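Asker: The structure under discussion is supplied below as structure tokens; questions concerning it will follow.
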Protein chains: 2
Amino acid sequence: MSDDQDKQAKSNIKVTRRCLLTGGVGVATGTAATLVAGLGAEGAAAGPLDRPWATELGDPVGTNPYGHPSSFEKTVIRRPTPTEYSPKGYVPPMNESSWTGTPLQDLRGIITPNGLFYERSHGGYADMDPANHKVVIHGLVDRNLELSMEDLRRFPTVTTFRFLECSGNSDLIWGKATYGGQETSPYLTAQDIHGLLSCAEWTGVRLSDLLREAGADTVRAKWLIVEGADSGALARSLPMARALDDCILAFAQNGEMLRPEQGYPVRLLVPGCEGNLNIKWVQRIEVTDQPLFATFETGLYTDLQKSGKAWISSLVMEAKSIITFPSGGQSLPEKGFYQVRGIAWSGRGRISHVDVSLDGGRNWTQAQLTEPVMSKCLTEFTMPWRWDGSETLIMSRATDETGYTQPFVQQIVEARGKFSEYHNNGIQTWRVESNGEVYNAQG
Amino acid sequence: MSDDQDKQAKSNIKVTRRCLLTGGVGVATGTAATLVAGLGAEGAAAGPLDRPWATELGDPVGTNPYGHPSSFEKTVIRRPTPTEYSPKGYVPPMNESSWTGTPLQDLRGIITPNGLFYERSHGGYADMDPANHKVVIHGLVDRNLELSMEDLRRFPTVTTFRFLECSGNSDLIWGKATYGGQETSPYLTAQDIHGLLSCAEWTGVRLSDLLREAGADTVRAKWLIVEGADSGALARSLPMARALDDCILAFAQNGEMLRPEQGYPVRLLVPGCEGNLNIKWVQRIEVTDQPLFATFETGLYTDLQKSGKAWISSLVMEAKSIITFPSGGQSLPEKGFYQVRGIAWSGRGRISHVDVSLDGGRNWTQAQLTEPVMSKCLTEFTMPWRWDGSETLIMSRATDETGYTQPFVQQIVEARGKFSEYHNNGIQTWRVESNGEVYNAQG
């Protein structure tokens, strides 16, 4: 070490106001000599740090030809909703109607790794052999198509970043009444409440190209019926106008081929629309002049209104946001500087801005959006915050490029009553208690 | 089925010129009745398709709390360079200097899944306990910092999409002389030649924020020495101007925490610069007035010139592109329509355009770039192509926003001689033979 460096090291006591993490945040200061020694191999033997990796060769590169996360991250996994919040305690078998949620509170940025992408299925999932899979297009067409996966991949492909959200996401904070009137728990995490939301880069073939190839009668035919090959035989009606817009048959996700639980080898992607419409394992597309009125668009996935009538085909996921830090189950070690962060999205296009309130919704401050801000895609937002140690109600509110702003949950309940269930895009409130613990405060 | 649909189905013989995949491409046409029956449960028993997933419940959702790819994708993995192309047949143990490459030819879009992100290490890799890991900043600073991972994550974070490329990438096509004068094999794939290239969304703390927190003397100190905690003890000198620009200490990749082989719990990210500079497992940053002149910046990772002298600290990865379809090892089943696709990148900023040649470099056509086009990030390009079945030499050429255009390999060899090794950003040529097989044509 040079004399200059030594001198610098010895004058390190002064902690100026330029320090971001104010005094005593665990940012130790010491002489360079002690600090560096503390990290050396000899230091390790004497000190609290056990670091064999500094002195021994590591695992061979290539040990995992397809890698996996660190063993220290094993709690970062997909999880089903805690059983105590299921309706009347009934939990269906996981290969019937079931789901697992993404650990949003543990993630950063906008990409959901495929291994953590939320799952939702009505008949479990199969790992289907792509060599035995075909997509048939028939009905009001000039010619039927029967496409192998190889045929399908021959078409021009497009790649886009899009979120996917189950319309039943966030139903746990639906005015305390969705699940048999139980009170909503303060212990719920972002994953528990909002985990049926993920985001990826998708690659596939434009549905409009396939319809053109089949010579579909896009004047008479107002609907497509899209059917999955799974035992759930999920089928939904897709309006023709939307099919001709930005829908794709996707076969790749985040660079690689789809995962089995995401509909390998091919799924429908209807950007901005409820997850259930994004049929997995697509095997058949019928071009028709009327919708199917399937169970999944009449008995389920409809929006009950206060009048007792229900909306059907309310497909778009409206603008929404949640704060992922600080969020339920996390805790702040002490008062001082923190970066509030979260994600926002809209099924109608780009997010234009996100406001954050630190006082239960009275005052709002505009957060910073991380570039790129893409249409029908998650957008990350951040805001610097110096926590004074007092109890704080924290919430975010997204506005999209159409000018629509995310409402309070109470406004949704007032409009639709307490027994509606889907499309809850209300504002999530978290309560930071004075001891730093964070709880769900949304009833 | 309605009468109308039936009538449509029966008139399906005519295959018009609107067909993208011209006659006989495996796109079967038949009556809707036969097609749909062929996909029904009864049809399955009689037909060639074995699809138990249509009649039996699938695996339970949640079977894999952290998921993995389909069993039908098991060949899509990271691979080391085939041993026959190693210098004089010597292959070091995989926990010494070693690497595996990303299967670029199997991927789409710009995101590399973390499980397929290329590996490069000089001492294997360890799965380090983040609770025992600290980052020390010392030297020409007002105060030394010793940051736990918890401390580090308290700082404001930024998220950006960036490529990472080993400076030794593509050395197999360095004028046939890199590895003991062997001829470069026609059987090499994109992965074999160019696989030390990947791209991800990264989240971390600005290095400039940490230097400000430490009160670094950014006038006197021209360099940082950044050191890894692994047994390879990799250390490199980072110019201060670059450190204050867009460098981050990254702890998350594609949403989740870094993988062990990528430097978990924290690595340096120097956007646009050679992979070796992006120190993994960062434990120490020394602020200093002179570079380290470490082995990895003098003995290795230097650019030998024809004169016999070598460039050092040539850090930036210049504009480059490769076609990933059609590429070595793939084959075209027949003549007709294909979409040429590939990836382009530049360490100096955004890609402005990519040209594709289908005649060995005489004529060039501008390809379409997929949005978003981001700085120092992979950019996907595509171009429609109707292959007439004749032998074709296909290549791509990237130009970045500075106006710089990717050179031919021969131009690089002329400038630097045959014994240089790093920073080969030359144009890759693939040869499509008349039987549809694709080979490496770059000597």
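In the structure tokens, chains take letters A, B, ... by order of appearance, with residues numbered from 1 within each chain and ligands from 1 in the order shown.
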Using only C-alpha atoms, which residues of stretch 84-197 of chain B come within 12 Å of stretch 242-253 of chain B, and what is the closest atom pair for each, with the distance in Å to one decimal? Give it as CSV, sorted by chain and residue number.
Answerer:
```
residue,atom,partner,partner_atom,distance
B:Ile111,CA,B:Gln253,CA,10.6
B:Thr112,CA,B:Gln253,CA,10.1
B:Pro113,CA,B:Gln253,CA,9.4
B:Asn114,CA,B:Gln253,CA,7.4
B:Gly115,CA,B:Gln253,CA,11.0
B:Phe117,CA,B:Gln253,CA,10.2
B:Pro130,CA,B:Phe251,CA,10.6
B:Val135,CA,B:Leu249,CA,10.0
B:Leu147,CA,B:Leu249,CA,12.0
B:Met149,CA,B:Phe251,CA,8.9
B:Glu150,CA,B:Phe251,CA,11.1
B:Leu152,CA,B:Leu249,CA,8.9
B:Arg153,CA,B:Phe251,CA,8.3
B:Phe155,CA,B:Leu249,CA,10.8
B:Pro156,CA,B:Ile248,CA,11.1
B:Thr157,CA,B:Ile248,CA,8.9
B:Val158,CA,B:Ile248,CA,8.1
B:Thr159,CA,B:Ala252,CA,8.9
B:Thr160,CA,B:Gln253,CA,9.7
B:Phe161,CA,B:Gln253,CA,9.4
B:Arg162,CA,B:Gln253,CA,10.2
B:Phe163,CA,B:Gln253,CA,11.5
B:Leu164,CA,B:Gln253,CA,11.9
```
Asker: So that I can check the surroundings of stretch 188-196 of chain B, please list as a PDB file with C-alpha atoms, in the first residue's frame every protein, DNA and RNA residue that reaches within 6 Å of it, counting only C-alpha atoms and ignoring chain neighbours fewer than 3 positions away.
Answerer:
```pdb
ATOM      1  CA  THR B  81     -15.871 -25.994 -27.188  1.00  0.00           C
ATOM      2  CA  GLY B 101     -21.178 -21.501 -24.594  1.00  0.00           C
ATOM      3  CA  THR B 102     -24.808 -20.502 -25.050  1.00  0.00           C
ATOM      4  CA  PRO B 103     -26.841 -22.449 -27.676  1.00  0.00           C
ATOM      5  CA  LEU B 104     -27.477 -19.339 -29.772  1.00  0.00           C
ATOM      6  CA  GLN B 105     -28.854 -21.349 -32.704  1.00  0.00           C
ATOM      7  CA  TYR B 118     -22.488 -18.665 -20.976  1.00  0.00           C
ATOM      8  CA  GLU B 165     -19.330 -11.272 -24.486  1.00  0.00           C
ATOM      9  CA  CYS B 166     -15.977 -12.895 -23.789  1.00  0.00           C
ATOM     10  CA  ASN B 169     -15.428 -15.279 -28.442  1.00  0.00           C
ATOM     11  CA  SER B 170     -15.276 -16.275 -32.135  1.00  0.00           C
ATOM     12  CA  LEU B 172     -12.170 -20.297 -33.842  1.00  0.00           C
ATOM     13  CA  SER B 185     -14.140 -27.159 -39.211  1.00  0.00           C
ATOM     14  CA  GLY B 328     -24.057 -24.353 -38.948  1.00  0.00           C
ATOM     15  CA  GLY B 329     -25.552 -27.740 -38.128  1.00  0.00           C
ATOM     16  CA  ASN B 440     -19.553 -23.034 -41.288  1.00  0.00           C
TER      17      ASN B 440
END
```
Asker: Which residues are near A:Trp345? Cut-off 12 Å, only C-alpha atoms, ignore same chain within fewer than 4 positions. Put them as an MDAnalysis selection string.
Answerer: chainID A and resid 110 161:165 197:199 271:273 316:322 349:354 369 373:381 396:401 404:406 425
Asker: Interatomic distance between atom CA of B:Asn144 and atom CA of B:Leu315?
Answerer: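 These atoms are spaced 27.9 Å apart.
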Asker: Please, what distance in Å, to one decimal, runs between atom CA of B:Pro407 and atom CA of B:Gln366?
Answerer: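 Going from atom CA of B:Pro407 over to atom CA of B:Gln366, I get 16.2 Å.
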Asker: Quick one: residues within 10 Å of A:Ser231, only C-alpha atoms, excluding same-chain residues fewer than 3 positions away - as a list in words?
Answerer: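 The contact residues come out as Asn95, Glu96, His122, Gly123, Gly124, Tyr125, Ala126, Gly228 and Leu234 of chain A; Pro52, Trp53, Ala54, Thr55, Glu56, Leu57 and Gly58 of chain B.
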Asker: Using the chain letters and numbers from this document, which residues of stretch 85-192 of chain B does DSSP assign to helix (DSSP H, G or I), as a list of chain:residue names?
Answerer: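 The residues of stretch 85-192 of chain B classed as helix (DSSP H, G or I) are B:Tyr85, B:Pro87, B:Lys88, B:Gly89, B:Leu104, B:Gln105, B:Asp106, B:Asn114, B:Gly115, B:Leu116, B:Pro130, B:Ala131, B:Asn132, B:Met149, B:Glu150, B:Asp151, B:Leu152, B:Arg153, B:Arg154, B:Asp171, B:Leu172, B:Ile173, B:Ala190, B:Gln191, B:Asp192.
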Asker: Hey, can you check how far atom CA of A:Ile137 sits from atom CA of A:Val226?
Answerer: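 Taking atom CA of A:Ile137 as the start and atom CA of A:Val226 as the end point, the length is 9.3 Å.
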Asker: Within stretch 114-147 of chain A, find each residue whose DSSP state, derived from the backbone, is strand (DSSP E), and express the selection as a PyMOL selection string.
Answerer: chain A and resi 119-121+134-139+145-147
Asker: As number ranges by chain, please: the residues near A:Glu119 (cut-off 9 Å, only C-alpha atoms, same-chain neighbours under 3 positions excluded).
Answerer: A: 78, 98-102, 116, 196, 261-262; B: 61-62
Asker: Using only C-alpha atoms, which residue out of B:Ile412, B:Ile323, B:Ala294, B:Ala235 lies closest to B:Asn278?
Answerer: B:Ala235
